[in-house]
Structure formats: C-alpha cells, structure tokens
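Student: I'd like to ask you about the structure that follows.
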Amino acid sequence: MPYFLTFQVVGWADVFSRKDYRDFILENLTYCRKEKGLYLFGFVIMTNHIHLVVQQKDGKLSDWVRDFKKFTSKKLLKMIQENPQESRKEWLKMVFSYHAKFNKRSGEVQFWTHENHAIELYRPEMIETRMNYIHENPVSAGIVEKPEDYLYSSARNYSGLKGLIEVDYW
C-alpha cells in the first residue's frame with residue numbers, strides 16, 4: 001500500500017529555503033526510485049518539511065525511511081557546515097544540537113524529527129486527498145497562486161508540465 005509521510009526538520013528550521021538542499025533531496029528521491037525500489041507518487045519540499053506519497057516495491061517501507069533519513073541527514077549536516085554561502089551555520093548547529101539532547105539515538109546533532117506521521121492510503125480517495133494536500137501546501141503557505149507553479153512539487157508532473165524529477169503516476 002502507498003503511504004503518506006512527513007519528514008520534518010527539528011525545530012522547524014527552514015533548511016530547505018536554500019536551493020542546494022532542496023536539489024539534494026530531489027537527487028536522492030530520484031536515486032531511490034531507480035535503485036531502491038521506491039514508487040514516488042507525490043512530493044513537495046517546503047522550507048522545513050517534506051511530504052511524500054510513496055510505496056516500497058518489496059513492502060519494506062520502514063527500512064527505506066530509516067536509510068533515507070539517515071543518509072540525507074548526514075549529508076545535509078555536512079553540506080550546511082561546508083557551504084560558504086550558509087550564513088546560518090552556527091544557529092542551525094545550535095538547533096540541531098539542542099534537539100539531539102532529548103534523543104539518545106541521535107548523537108550530538110539531529111536533523112530530522114523521529115516522527116514520520118505515516119498514514120496508510122488503502123483507498124483511492126485517500127490517495128487523492130493526500131495528493132491534493134501535498135500539492136496545495138505551497139498555495140496555503142502563500143508561496144504560489146497555483147500548485148503547478150511551485151517547482152519543488154509533483155503538482156507540475158500531474159498538470160502536464162515538466163517536473164524537476166520523474167514520478168510514478170498513480
């Protein structure tokens with residue numbers, strides 16, 4: 001079954017306000033589609049969270065979530081620290097360190113929250129509702145007027161425009 005997932009940056013830190021970090025997430029979603037058996041039906045990358053509608057071909061979605069979050073968090077933390085244009089390095093490090101203190105599994109810094117807000121989408125209308133929610137997210141946030149105008153969303157794919165990455169249509 002497909003699932004609706006939300007990956008949230010700790011402290012609602014606006015990491016994905018930077019193009020480099022959004023593009024990195026897209027690269028990883030593309031890799032997971034091609035190499036990790038992920039069906040990516042829908043996505044949106046907001047400034048501090050990501051919504052996905054996904055399904056794992058082998059049914060082991062929890063393994064994929066664990067691996068994806070582990071890999072992306074390590075790489076994003078490194079990207080932030082090594083980015084000469086990142087003016088928020090110290091503040092972000094403070095946010096990530098603060099949140100890690102409350103979780104024994106995190107080590108010294110934590111990027112993603114541990115909650116994924118996973119919802120199994122076992123009826124077609126549930127998928128449709130979540131896809132609409134995902135695609136309307138940038139509109140609700142006042143970023144764009146129409147869902148398909150937001151580059152970092154699968155709304156473009158579903159509206160007949162070229163998306164930044166391919167998706168698996170449901």
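Within each chain, counting starts at residue 1; across the structure tokens, chains are named A, B, ... in the order shown, with ligands numbered 1 upward in that order.
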Residues within 10 Å of segment 165-170 of chain A, please, as an MDAnalysis selection string. Count only C-alpha atoms; anything in the same chain fewer than 3 positions from it doesn't count.

Tutor: chainID A and resid 2 23 26:27 29:30 33 38:43 53:55 124 127:128 151:154 156:158 162

Student: List every residue of chain A that DSSP, applied to the backbone of this structure, assigns to helix (DSSP H, G or I), and report them as a ChimeraX atom specification.

Tutor: /A:10-12,15-17,19-35,61-82,89-100,104-106,124-140,147-149,155-158

Student: Might you pull out every residue within 12 Å of Arg66 of chain A, with only C-alpha atoms counted and same-chain residues fewer than 4 positions away left off, and present them as a list in words?

Tutor: Phe7, Lys60, Leu61, Ser62, Lys70, Phe71, Thr72, Ser73, Trp112, Thr113, His114, Glu115 and Asn116 of chain A

Student: Quick one: everything within 10 Å of Met1 of chain A, counting only C-alpha atoms, minus sequence neighbours fewer than 6 positions away in the same chain. Send it as a list in words.

Tutor: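 Near neighbours after the sequence-gap exclusion: Val54, Gln55, Gln56, Lys57, Gly59, Leu61, Glu120, Leu121, Tyr122 and Arg123 of chain A.
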
Student: If we count only C-alpha atoms and set the cut-off at 9 Å, which residues sit around segment 78-83 of chain A, ignoring sequence neighbours fewer than 2 positions away in its own chain? Please answer as a tab-separated table (two decimals) with C-alpha atoms, in the first residue's frame.

Tutor:
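That gives us around-v9.tsv:
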```tsv
chain	number	residue	atom	x	y	z
A	15	VAL	CA	16.82	24.46	5.86
A	20	ASP	CA	21.20	23.33	-2.93
A	21	TYR	CA	19.50	21.44	-0.11
A	73	SER	CA	20.63	13.93	7.48
A	74	LYS	CA	24.36	13.14	7.50
A	75	LYS	CA	24.91	14.64	4.07
A	76	LEU	CA	22.76	17.73	4.72
A	85	GLN	CA	27.19	30.93	1.46
A	86	GLU	CA	25.43	29.47	4.52
A	87	SER	CA	25.07	32.41	6.91
A	88	ARG	CA	23.10	30.37	9.45
A	89	LYS	CA	25.71	27.68	10.21
A	90	GLU	CA	26.11	28.43	13.90
A	92	LEU	CA	21.49	25.71	12.69
A	93	LYS	CA	24.18	23.78	14.57
```

Student: Could you give me, as a count of residues only, the residues within 12 Å of Ala13 of chain A, counting only C-alpha atoms and dropping anything in the same chain fewer than 3 positions from it?

Tutor: 23

Student: Please report, as a PyMOL selection string, each residue of segment 13-135 of chain A to which DSSP assigns strand (DSSP E or B) when run on this structure's backbone.

Tutor: chain A and resi 38-45+49-56+112+119-120

Student: Let me see the file: selected residues, N, CA and C atoms, as a PDB file, in the first residue's frame.

Tutor:
```
ATOM      1  N   LEU A  38      11.623   2.301  -4.891  1.00  0.00           N
ATOM      2  CA  LEU A  38      10.624   3.228  -4.360  1.00  0.00           C
ATOM      3  C   LEU A  38       9.697   3.701  -5.465  1.00  0.00           C
ATOM      4  N   TYR A  39       8.403   3.616  -5.207  1.00  0.00           N
ATOM      5  CA  TYR A  39       7.415   4.271  -6.057  1.00  0.00           C
ATOM      6  C   TYR A  39       7.159   5.635  -5.438  1.00  0.00           C
ATOM      7  N   LEU A  40       7.427   6.681  -6.179  1.00  0.00           N
ATOM      8  CA  LEU A  40       7.201   8.046  -5.716  1.00  0.00           C
ATOM      9  C   LEU A  40       5.998   8.601  -6.474  1.00  0.00           C
ATOM     10  N   PHE A  41       4.860   8.644  -5.789  1.00  0.00           N
ATOM     11  CA  PHE A  41       3.629   9.113  -6.425  1.00  0.00           C
ATOM     12  C   PHE A  41       3.469  10.626  -6.315  1.00  0.00           C
ATOM     13  N   GLY A  42       3.918  11.180  -5.184  1.00  0.00           N
ATOM     14  CA  GLY A  42       3.769  12.610  -4.989  1.00  0.00           C
ATOM     15  C   GLY A  42       4.751  13.127  -3.964  1.00  0.00           C
ATOM     16  N   PHE A  43       5.120  14.411  -4.110  1.00  0.00           N
ATOM     17  CA  PHE A  43       6.042  15.021  -3.155  1.00  0.00           C
ATOM     18  C   PHE A  43       5.886  16.529  -3.167  1.00  0.00           C
ATOM     19  N   VAL A  44       6.295  17.133  -2.084  1.00  0.00           N
ATOM     20  CA  VAL A  44       6.502  18.577  -2.021  1.00  0.00           C
ATOM     21  C   VAL A  44       7.614  18.820  -1.006  1.00  0.00           C
ATOM     22  N   ILE A  45       8.528  19.708  -1.360  1.00  0.00           N
ATOM     23  CA  ILE A  45       9.597  20.097  -0.439  1.00  0.00           C
ATOM     24  C   ILE A  45       9.310  21.530  -0.010  1.00  0.00           C
ATOM     25  N   HIS A  49       9.993  21.032   5.911  1.00  0.00           N
ATOM     26  CA  HIS A  49       9.454  19.671   5.916  1.00  0.00           C
ATOM     27  C   HIS A  49       9.208  19.202   4.484  1.00  0.00           C
ATOM     28  N   ILE A  50       9.039  17.894   4.382  1.00  0.00           N
ATOM     29  CA  ILE A  50       8.778  17.250   3.096  1.00  0.00           C
ATOM     30  C   ILE A  50       7.553  16.361   3.271  1.00  0.00           C
ATOM     31  N   HIS A  51       6.654  16.406   2.315  1.00  0.00           N
ATOM     32  CA  HIS A  51       5.531  15.463   2.280  1.00  0.00           C
ATOM     33  C   HIS A  51       5.745  14.535   1.091  1.00  0.00           C
ATOM     34  N   LEU A  52       5.454  13.262   1.298  1.00  0.00           N
ATOM     35  CA  LEU A  52       5.596  12.263   0.251  1.00  0.00           C
ATOM     36  C   LEU A  52       4.387  11.341   0.225  1.00  0.00           C
ATOM     37  N   VAL A  53       4.037  10.867  -0.944  1.00  0.00           N
ATOM     38  CA  VAL A  53       3.165   9.704  -1.092  1.00  0.00           C
ATOM     39  C   VAL A  53       4.016   8.684  -1.825  1.00  0.00           C
ATOM     40  N   VAL A  54       4.364   7.614  -1.115  1.00  0.00           N
ATOM     41  CA  VAL A  54       5.315   6.625  -1.626  1.00  0.00           C
ATOM     42  C   VAL A  54       4.860   5.206  -1.307  1.00  0.00           C
ATOM     43  N   GLN A  55       5.473   4.271  -2.008  1.00  0.00           N
ATOM     44  CA  GLN A  55       5.259   2.844  -1.757  1.00  0.00           C
ATOM     45  C   GLN A  55       6.581   2.149  -2.056  1.00  0.00           C
ATOM     46  N   GLN A  56       6.902   1.164  -1.266  1.00  0.00           N
ATOM     47  CA  GLN A  56       8.132   0.401  -1.472  1.00  0.00           C
ATOM     48  C   GLN A  56       7.781  -0.895  -2.202  1.00  0.00           C
ATOM     49  N   TRP A 112      16.446  15.386  11.324  1.00  0.00           N
ATOM     50  CA  TRP A 112      15.022  15.080  11.171  1.00  0.00           C
ATOM     51  C   TRP A 112      14.407  14.733  12.530  1.00  0.00           C
ATOM     52  N   ILE A 119       0.735   7.515   7.238  1.00  0.00           N
ATOM     53  CA  ILE A 119      -0.679   7.156   7.089  1.00  0.00           C
ATOM     54  C   ILE A 119      -0.798   6.221   5.893  1.00  0.00           C
ATOM     55  N   GLU A 120      -1.304   5.027   6.146  1.00  0.00           N
ATOM     56  CA  GLU A 120      -1.508   4.072   5.058  1.00  0.00           C
ATOM     57  C   GLU A 120      -2.698   4.519   4.216  1.00  0.00           C
TER      58      GLU A 120
END
```

Student: Which of these, A:Pro138, A:Leu77, A:Asn28, A:Pro84, has the shortest distance to Glu108 of chain A once you count only C-alpha atoms?

Tutor: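 That would be A:Leu77, the residue with the smallest distance to Glu108 of chain A.
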